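Next comes structure_14.pdb, with PDB, C-alpha atoms, pLDDT in the B column.
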ATOM      1  CA  MET A   1      25.145  -8.382 -51.001  1.00 43.00           C
ATOM      2  CA  LEU A   2      25.371  -6.179 -47.939  1.00 43.00           C
ATOM      3  CA  VAL A   3      24.177  -7.405 -44.556  1.00 44.00           C
ATOM      4  CA  GLN A   4      22.891  -4.950 -41.993  1.00 43.00           C
ATOM      5  CA  SER A   5      23.126  -5.488 -38.288  1.00 42.00           C
ATOM      6  CA  ALA A   6      19.846  -6.277 -36.528  1.00 43.00           C
ATOM      7  CA  THR A   7      20.875  -4.345 -33.429  1.00 41.00           C
ATOM      8  CA  SER A   8      20.747  -0.607 -33.156  1.00 38.00           C
ATOM      9  CA  GLN A   9      24.033   1.198 -33.109  1.00 40.00           C
ATOM     10  CA  VAL A  10      22.525   4.555 -32.149  1.00 39.00           C
ATOM     11  CA  THR A  11      23.773   6.029 -28.909  1.00 38.00           C
ATOM     12  CA  PRO A  12      21.990   8.821 -27.055  1.00 43.00           C
ATOM     13  CA  ASP A  13      23.329  12.326 -27.326  1.00 42.00           C
ATOM     14  CA  HIS A  14      24.706  13.781 -24.115  1.00 43.00           C
ATOM     15  CA  CYS A  15      25.761  17.288 -23.336  1.00 45.00           C
ATOM     16  CA  ALA A  16      29.373  17.758 -22.382  1.00 47.00           C
ATOM     17  CA  GLY A  17      29.869  17.042 -18.705  1.00 47.00           C
ATOM     18  CA  GLU A  18      26.458  15.352 -18.315  1.00 46.00           C
ATOM     19  CA  SER A  19      26.589  12.213 -16.234  1.00 47.00           C
ATOM     20  CA  LEU A  20      25.497   8.870 -17.634  1.00 45.00           C
ATOM     21  CA  ARG A  21      24.778   7.562 -14.129  1.00 47.00           C
ATOM     22  CA  ALA A  22      21.322   9.147 -13.926  1.00 47.00           C
ATOM     23  CA  GLU A  23      20.256   7.237 -17.017  1.00 49.00           C
ATOM     24  CA  SER A  24      21.779   3.916 -16.033  1.00 50.00           C
ATOM     25  CA  ALA A  25      20.738   3.985 -12.360  1.00 50.00           C
ATOM     26  CA  PRO A  26      18.025   1.489 -11.507  1.00 56.00           C
ATOM     27  CA  ARG A  27      14.596   2.976 -10.943  1.00 62.00           C
ATOM     28  CA  ALA A  28      13.218   2.737  -7.432  1.00 66.00           C
ATOM     29  CA  ARG A  29      10.589   0.021  -7.239  1.00 61.00           C
ATOM     30  CA  PRO A  30       7.246   0.962  -5.733  1.00 65.00           C
ATOM     31  CA  ALA A  31       7.029  -0.460  -2.253  1.00 89.00           C
ATOM     32  CA  LEU A  32       4.142  -2.453  -0.838  1.00 95.00           C
ATOM     33  CA  ALA A  33       4.385  -3.718   2.712  1.00 95.00           C
ATOM     34  CA  PHE A  34       2.171  -6.345   4.362  1.00 96.00           C
ATOM     35  CA  GLU A  35       1.112  -7.149   7.885  1.00 95.00           C
ATOM     36  CA  THR A  36      -1.025 -10.150   8.826  1.00 95.00           C
ATOM     37  CA  GLY A  37      -3.108 -10.669  11.936  1.00 94.00           C
ATOM     38  CA  THR A  38      -6.439 -11.903  13.208  1.00 92.00           C
ATOM     39  CA  ARG A  39      -9.453 -10.032  14.507  1.00 91.00           C
ATOM     40  CA  ASP A  40     -12.824 -11.381  15.635  1.00 88.00           C
ATOM     41  CA  GLY A  41     -12.332 -14.685  13.823  1.00 88.00           C
ATOM     42  CA  ALA A  42     -11.104 -13.067  10.597  1.00 93.00           C
ATOM     43  CA  THR A  43      -7.673 -13.081   9.007  1.00 95.00           C
ATOM     44  CA  VAL A  44      -6.607  -9.484   8.365  1.00 96.00           C
ATOM     45  CA  LEU A  45      -4.034  -8.627   5.702  1.00 97.00           C
ATOM     46  CA  MET A  46      -3.009  -4.977   5.888  1.00 97.00           C
ATOM     47  CA  MET A  47      -1.309  -3.430   2.870  1.00 97.00           C
ATOM     48  CA  LYS A  48       0.707  -0.236   2.961  1.00 97.00           C
ATOM     49  CA  GLY A  49       2.113   1.500  -0.104  1.00 96.00           C
ATOM     50  CA  ARG A  50       1.218   1.324  -3.778  1.00 96.00           C
ATOM     51  CA  LEU A  51      -1.016  -1.391  -5.270  1.00 96.00           C
ATOM     52  CA  VAL A  52      -0.002  -0.899  -8.889  1.00 95.00           C
ATOM     53  CA  ALA A  53       1.260  -2.950 -11.833  1.00 95.00           C
ATOM     54  CA  GLU A  54       4.784  -3.184 -10.387  1.00 95.00           C
ATOM     55  CA  THR A  55       3.587  -4.566  -7.023  1.00 96.00           C
ATOM     56  CA  VAL A  56       0.505  -6.566  -7.968  1.00 96.00           C
ATOM     57  CA  VAL A  57       2.386  -9.857  -8.467  1.00 96.00           C
ATOM     58  CA  THR A  58       3.844  -9.643  -4.970  1.00 96.00           C
ATOM     59  CA  ALA A  59       0.429  -8.699  -3.567  1.00 97.00           C
ATOM     60  CA  GLU A  60      -1.233 -11.608  -5.340  1.00 96.00           C
ATOM     61  CA  ALA A  61       1.313 -14.055  -3.915  1.00 96.00           C
ATOM     62  CA  LYS A  62       0.808 -12.671  -0.402  1.00 96.00           C
ATOM     63  CA  ILE A  63      -3.000 -12.818  -0.712  1.00 95.00           C
ATOM     64  CA  LEU A  64      -2.847 -16.395  -2.005  1.00 93.00           C
ATOM     65  CA  THR A  65      -0.509 -17.478   0.788  1.00 93.00           C
ATOM     66  CA  THR A  66      -2.698 -15.799   3.400  1.00 93.00           C
ATOM     67  CA  THR A  67      -5.829 -17.408   1.941  1.00 92.00           C
ATOM     68  CA  VAL A  68      -4.280 -20.888   1.984  1.00 90.00           C
ATOM     69  CA  LEU A  69      -2.976 -20.533   5.546  1.00 90.00           C
ATOM     70  CA  ALA A  70      -6.125 -18.912   6.989  1.00 89.00           C
ATOM     71  CA  GLY A  71      -8.497 -20.939   9.104  1.00 85.00           C
ATOM     72  CA  ARG A  72     -11.754 -22.349   7.818  1.00 88.00           C
ATOM     73  CA  PRO A  73     -14.333 -21.123   7.177  1.00 92.00           C
ATOM     74  CA  LEU A  74     -12.369 -18.485   5.326  1.00 93.00           C
ATOM     75  CA  ASN A  75     -13.018 -14.934   6.508  1.00 95.00           C
ATOM     76  CA  LEU A  76     -10.491 -12.586   4.912  1.00 96.00           C
ATOM     77  CA  VAL A  77     -10.192  -8.846   5.461  1.00 97.00           C
ATOM     78  CA  LEU A  78      -7.947  -6.772   3.202  1.00 97.00           C
ATOM     79  CA  ASP A  79      -7.144  -3.529   5.011  1.00 97.00           C
ATOM     80  CA  LEU A  80      -6.375  -1.043   2.240  1.00 97.00           C
ATOM     81  CA  SER A  81      -6.608   2.073   4.396  1.00 96.00           C
ATOM     82  CA  GLU A  82      -2.871   2.742   4.022  1.00 96.00           C
ATOM     83  CA  VAL A  83      -2.657   2.076   0.283  1.00 97.00           C
ATOM     84  CA  ASP A  84      -1.783   5.434  -1.240  1.00 95.00           C
ATOM     85  CA  ALA A  85      -2.140   4.515  -4.935  1.00 95.00           C
ATOM     86  CA  ILE A  86      -4.018   1.922  -6.945  1.00 96.00           C
ATOM     87  CA  ASP A  87      -4.333   1.358 -10.684  1.00 96.00           C
ATOM     88  CA  GLN A  88      -6.423  -0.941 -12.869  1.00 96.00           C
ATOM     89  CA  HIS A  89      -4.067  -3.854 -12.116  1.00 97.00           C
ATOM     90  CA  GLY A  90      -4.655  -3.435  -8.387  1.00 96.00           C
ATOM     91  CA  THR A  91      -8.410  -3.198  -8.874  1.00 96.00           C
ATOM     92  CA  ALA A  92      -8.343  -6.327 -11.051  1.00 96.00           C
ATOM     93  CA  LEU A  93      -6.451  -8.161  -8.291  1.00 97.00           C
ATOM     94  CA  LEU A  94      -9.130  -7.207  -5.757  1.00 97.00           C
ATOM     95  CA  THR A  95     -11.839  -8.507  -8.090  1.00 96.00           C
ATOM     96  CA  LYS A  96      -9.881 -11.722  -8.639  1.00 96.00           C
ATOM     97  CA  THR A  97      -9.473 -12.091  -4.882  1.00 96.00           C
ATOM     98  CA  ARG A  98     -13.226 -11.749  -4.391  1.00 96.00           C
ATOM     99  CA  PHE A  99     -13.874 -14.533  -6.899  1.00 94.00           C
ATOM    100  CA  THR A 100     -11.221 -16.738  -5.275  1.00 92.00           C
ATOM    101  CA  VAL A 101     -12.608 -16.276  -1.775  1.00 94.00           C
ATOM    102  CA  SER A 102     -16.167 -16.847  -3.021  1.00 93.00           C
ATOM    103  CA  ALA A 103     -15.069 -20.067  -4.736  1.00 91.00           C
ATOM    104  CA  ALA A 104     -13.663 -21.217  -1.396  1.00 89.00           C
ATOM    105  CA  ARG A 105     -17.075 -20.429   0.163  1.00 92.00           C
ATOM    106  CA  GLY A 106     -15.478 -17.715   2.249  1.00 94.00           C
ATOM    107  CA  ALA A 107     -16.158 -14.081   3.062  1.00 95.00           C
ATOM    108  CA  LEU A 108     -14.072 -11.120   1.935  1.00 96.00           C
ATOM    109  CA  HIS A 109     -14.221  -7.576   3.260  1.00 97.00           C
ATOM    110  CA  LEU A 110     -12.231  -4.593   2.025  1.00 97.00           C
ATOM    111  CA  VAL A 111     -11.351  -1.728   4.349  1.00 97.00           C
ATOM    112  CA  ALA A 112     -11.144   1.400   2.195  1.00 96.00           C
ATOM    113  CA  PRO A 113     -11.972   4.808   3.704  1.00 94.00           C
ATOM    114  CA  LEU A 114     -14.156   7.124   1.617  1.00 92.00           C
ATOM    115  CA  GLY A 115     -11.420   9.785   1.392  1.00 90.00           C
ATOM    116  CA  GLY A 116      -8.628   7.313   0.652  1.00 92.00           C
ATOM    117  CA  ALA A 117      -6.917   6.457  -2.617  1.00 92.00           C
ATOM    118  CA  VAL A 118      -8.600   3.071  -3.060  1.00 94.00           C
ATOM    119  CA  HIS A 119     -12.321   3.755  -2.634  1.00 93.00           C
ATOM    120  CA  PRO A 120     -12.799   5.866  -5.807  1.00 93.00           C
ATOM    121  CA  ALA A 121     -11.143   3.111  -7.892  1.00 93.00           C
ATOM    122  CA  LEU A 122     -13.518   0.382  -6.723  1.00 93.00           C
ATOM    123  CA  ASN A 123     -16.372  -0.749  -8.932  1.00 90.00           C
ATOM    124  CA  ARG A 124     -19.900  -1.336  -7.616  1.00 90.00           C
ATOM    125  CA  TYR A 125     -19.174  -5.036  -7.230  1.00 91.00           C
ATOM    126  CA  LEU A 126     -16.287  -4.373  -4.840  1.00 94.00           C
ATOM    127  CA  ARG A 127     -17.975  -1.496  -2.995  1.00 93.00           C
ATOM    128  CA  ARG A 128     -20.606  -3.953  -1.725  1.00 94.00           C
ATOM    129  CA  ILE A 129     -17.976  -5.638   0.431  1.00 95.00           C
ATOM    130  CA  CYS A 130     -16.200  -2.425   1.422  1.00 95.00           C
ATOM    131  CA  VAL A 131     -16.266  -0.775   4.850  1.00 95.00           C
ATOM    132  CA  PRO A 132     -14.635   2.543   5.808  1.00 95.00           C
ATOM    133  CA  ARG A 133     -12.879   1.337   8.981  1.00 94.00           C
ATOM    134  CA  LEU A 134     -11.516  -1.935  10.330  1.00 94.00           C
ATOM    135  CA  ASP A 135     -13.868  -1.582  13.312  1.00 93.00           C
ATOM    136  CA  ASP A 136     -16.826  -1.736  10.873  1.00 93.00           C
ATOM    137  CA  VAL A 137     -16.005  -5.245   9.621  1.00 91.00           C
ATOM    138  CA  PRO A 138     -18.697  -7.645  10.850  1.00 87.00           C
ATOM    139  CA  ALA A 139     -17.459 -10.378  13.145  1.00 80.00           C
ATOM    140  CA  ALA A 140     -17.176 -13.850  11.673  1.00 70.00           C
ATOM    141  CA  PRO A 141     -20.074 -16.172  12.540  1.00 65.00           C
ATOM    142  CA  GLY A 142     -19.254 -17.932  15.797  1.00 60.00           C
ATOM    143  CA  ALA A 143     -16.424 -15.538  16.669  1.00 58.00           C
ATOM    144  CA  HIS A 144     -16.151 -14.337  20.237  1.00 56.00           C
ATOM    145  CA  PRO A 145     -16.013 -10.599  20.860  1.00 54.00           C
ATOM    146  CA  PRO A 146     -12.590  -9.591  22.219  1.00 51.00           C
ATOM    147  CA  ASP A 147     -13.965  -8.627  25.641  1.00 49.00           C
ATOM    148  CA  ALA A 148     -16.363 -11.558  26.021  1.00 45.00           C
ATOM    149  CA  ALA A 149     -15.697 -13.894  28.901  1.00 41.00           C
ATOM    150  CA  ARG A 150     -15.122 -17.442  27.748  1.00 41.00           C
ATOM    151  CA  SER A 151     -16.256 -20.319  29.876  1.00 40.00           C
ATOM    152  CA  ALA A 152     -13.852 -23.158  30.382  1.00 39.00           C
TER     153      ALA A 152
END

Take the structure in the file and write it out as structure tokens.
Amino acid sequence: MLVQSATSQVTPDHCAGESLRAESAPRARPALAFETGTRDGATVLMMKGRLVAETVVTAEAKILTTTVLAGRPLNLVLDLSEVDAIDQHGTALLTKTRFTVSAARGALHLVAPLGGAVHPALNRYLRRICVPRLDDVPAAPGAHPPDAARSA
């Protein structure tokens, strides 16, 4: 009885002089950068880059960490104005984040300009918590305006 190998022995055809390096070079990973800050009593997490399948795990970890470390009551703002691409995985993460923040009895706002890459991908549920600019995010209850004088 003959036994056949379970692994493929087929090698790709290459033209003479064609380099194999282009095929074996690692693909560039989509980049997603984060910046965290506070504004009017809210924790602001700014994302810059691509919120797609390849970056959604990193984004989820950063959102979770930010949510855990944020003050209470939780008031989280995701600034997506510099996200230049989003897919269904990114949109699903935003929906999941809304449920998570709601479960923590917190508030979530998304900053997504009308002409940006993110806004058209949002469903009606997410558009309710969306504002076009960071300046349009309502201040957290009890937060002091930045120019208000505080009494000692």

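One finds CA of Phe99 (chain A) at 18.8 Å from CA of Val118 (chain A).
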
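Evaluating the PyMOL selection byres ((chain A and resi 125) around 12) against the shown model yields A:Thr91, A:Ala92, A:Leu94, A:Thr95, A:Lys96, A:Arg98, A:Phe99, A:His109, A:Leu110, A:Ala121, A:Leu122, A:Asn123, A:Arg124, A:Leu126, A:Arg127, A:Arg128, A:Ile129, A:Cys130.
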
So which one's closest to Thr55 (chain A), A:Ala107, A:Ala85, A:Ala42, A:Leu74? Using all atoms listed in the file, please. A:Ala85

Close residues, Phe34 (chain A) itself excluded, 7 Å, only C-alpha atoms, min 2 positions apart in chain, as a PyMOL selection string: chain A and resi 32+36+45-48

Save the residues we just selected, C-alpha atoms, as a PDB file, in the coordinates of the input?
ATOM      1  CA  LEU A  32       4.142  -2.453  -0.838  1.00 95.00           C
ATOM      2  CA  THR A  36      -1.025 -10.150   8.826  1.00 95.00           C
ATOM      3  CA  LEU A  45      -4.034  -8.627   5.702  1.00 97.00           C
ATOM      4  CA  MET A  46      -3.009  -4.977   5.888  1.00 97.00           C
ATOM      5  CA  MET A  47      -1.309  -3.430   2.870  1.00 97.00           C
ATOM      6  CA  LYS A  48       0.707  -0.236   2.961  1.00 97.00           C
TER       7      LYS A  48
END

Please, what distance in Å, to one decimal, runs between CA of Ala139 (chain A) and CA of Gly41 (chain A)?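 It comes out at 6.7 Å.
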
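Shortest separation to Leu93 (chain A) among A:Ala61, A:Thr43, A:His119, A:Ala70 occurs at residue A:Ala61, atoms counted being all atoms listed in the file.
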
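Interatomic distance, CA of Thr97 (chain A) against CA of Ile63 (chain A): 7.7 Å.
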
Under the rule that all atoms listed in the file are counted, which of A:Ala59, A:Leu51, A:Val44, A:Leu76 is the nearest residue to Arg105 (chain A)?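 Nearest candidate to Arg105 (chain A) out of A:Ala59, A:Leu51, A:Val44, A:Leu76: A:Leu76.
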
Using the chain letters and numbers from the file, give me the residues hit by the PyMOL selection byres ((chain A and resi 136) around 12), as a list in words.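 Listing what the PyMOL selection byres ((chain A and resi 136) around 12) selects in the shown file: Arg39, Asp40, Val77, Asp79, His109, Leu110, Val111, Ala112, Pro113, Ile129, Cys130, Val131, Pro132, Arg133, Leu134, Asp135, Val137, Pro138 and Ala139 of chain A.
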
Proximity to Val52 (chain A) - best of A:Asn75, A:Ala117, A:Leu108, A:Thr38, only C-alpha atoms: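 The closest residue to Val52 (chain A) is A:Ala117.
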
Best match for closeness to Val101 (chain A) among A:Val56, A:Val68, A:Ala140, A:Ala33, counting only C-alpha atoms: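 With only C-alpha atoms as the atom set, the closest residue is A:Val68.
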
Taking into account only C-alpha atoms, which residue in the set A:Thr67, A:Arg72, A:Ala31, A:Ala104 is nearest to Asp84 (chain A)?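 Checking each of A:Thr67, A:Arg72, A:Ala31, A:Ala104 against Asp84 (chain A), counting only C-alpha atoms, the winner is A:Ala31.
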
Six-sided padding of 8 Å per side, axis-aligned box over region 100-103 of chain A, centre and edges in Å, one decimal, as lines of an AutoDock Vina configuration file:
center_x = -13.7
center_y = -18.2
center_z = -3.5
size_x = 20.9
size_y = 19.8
size_z = 19.5
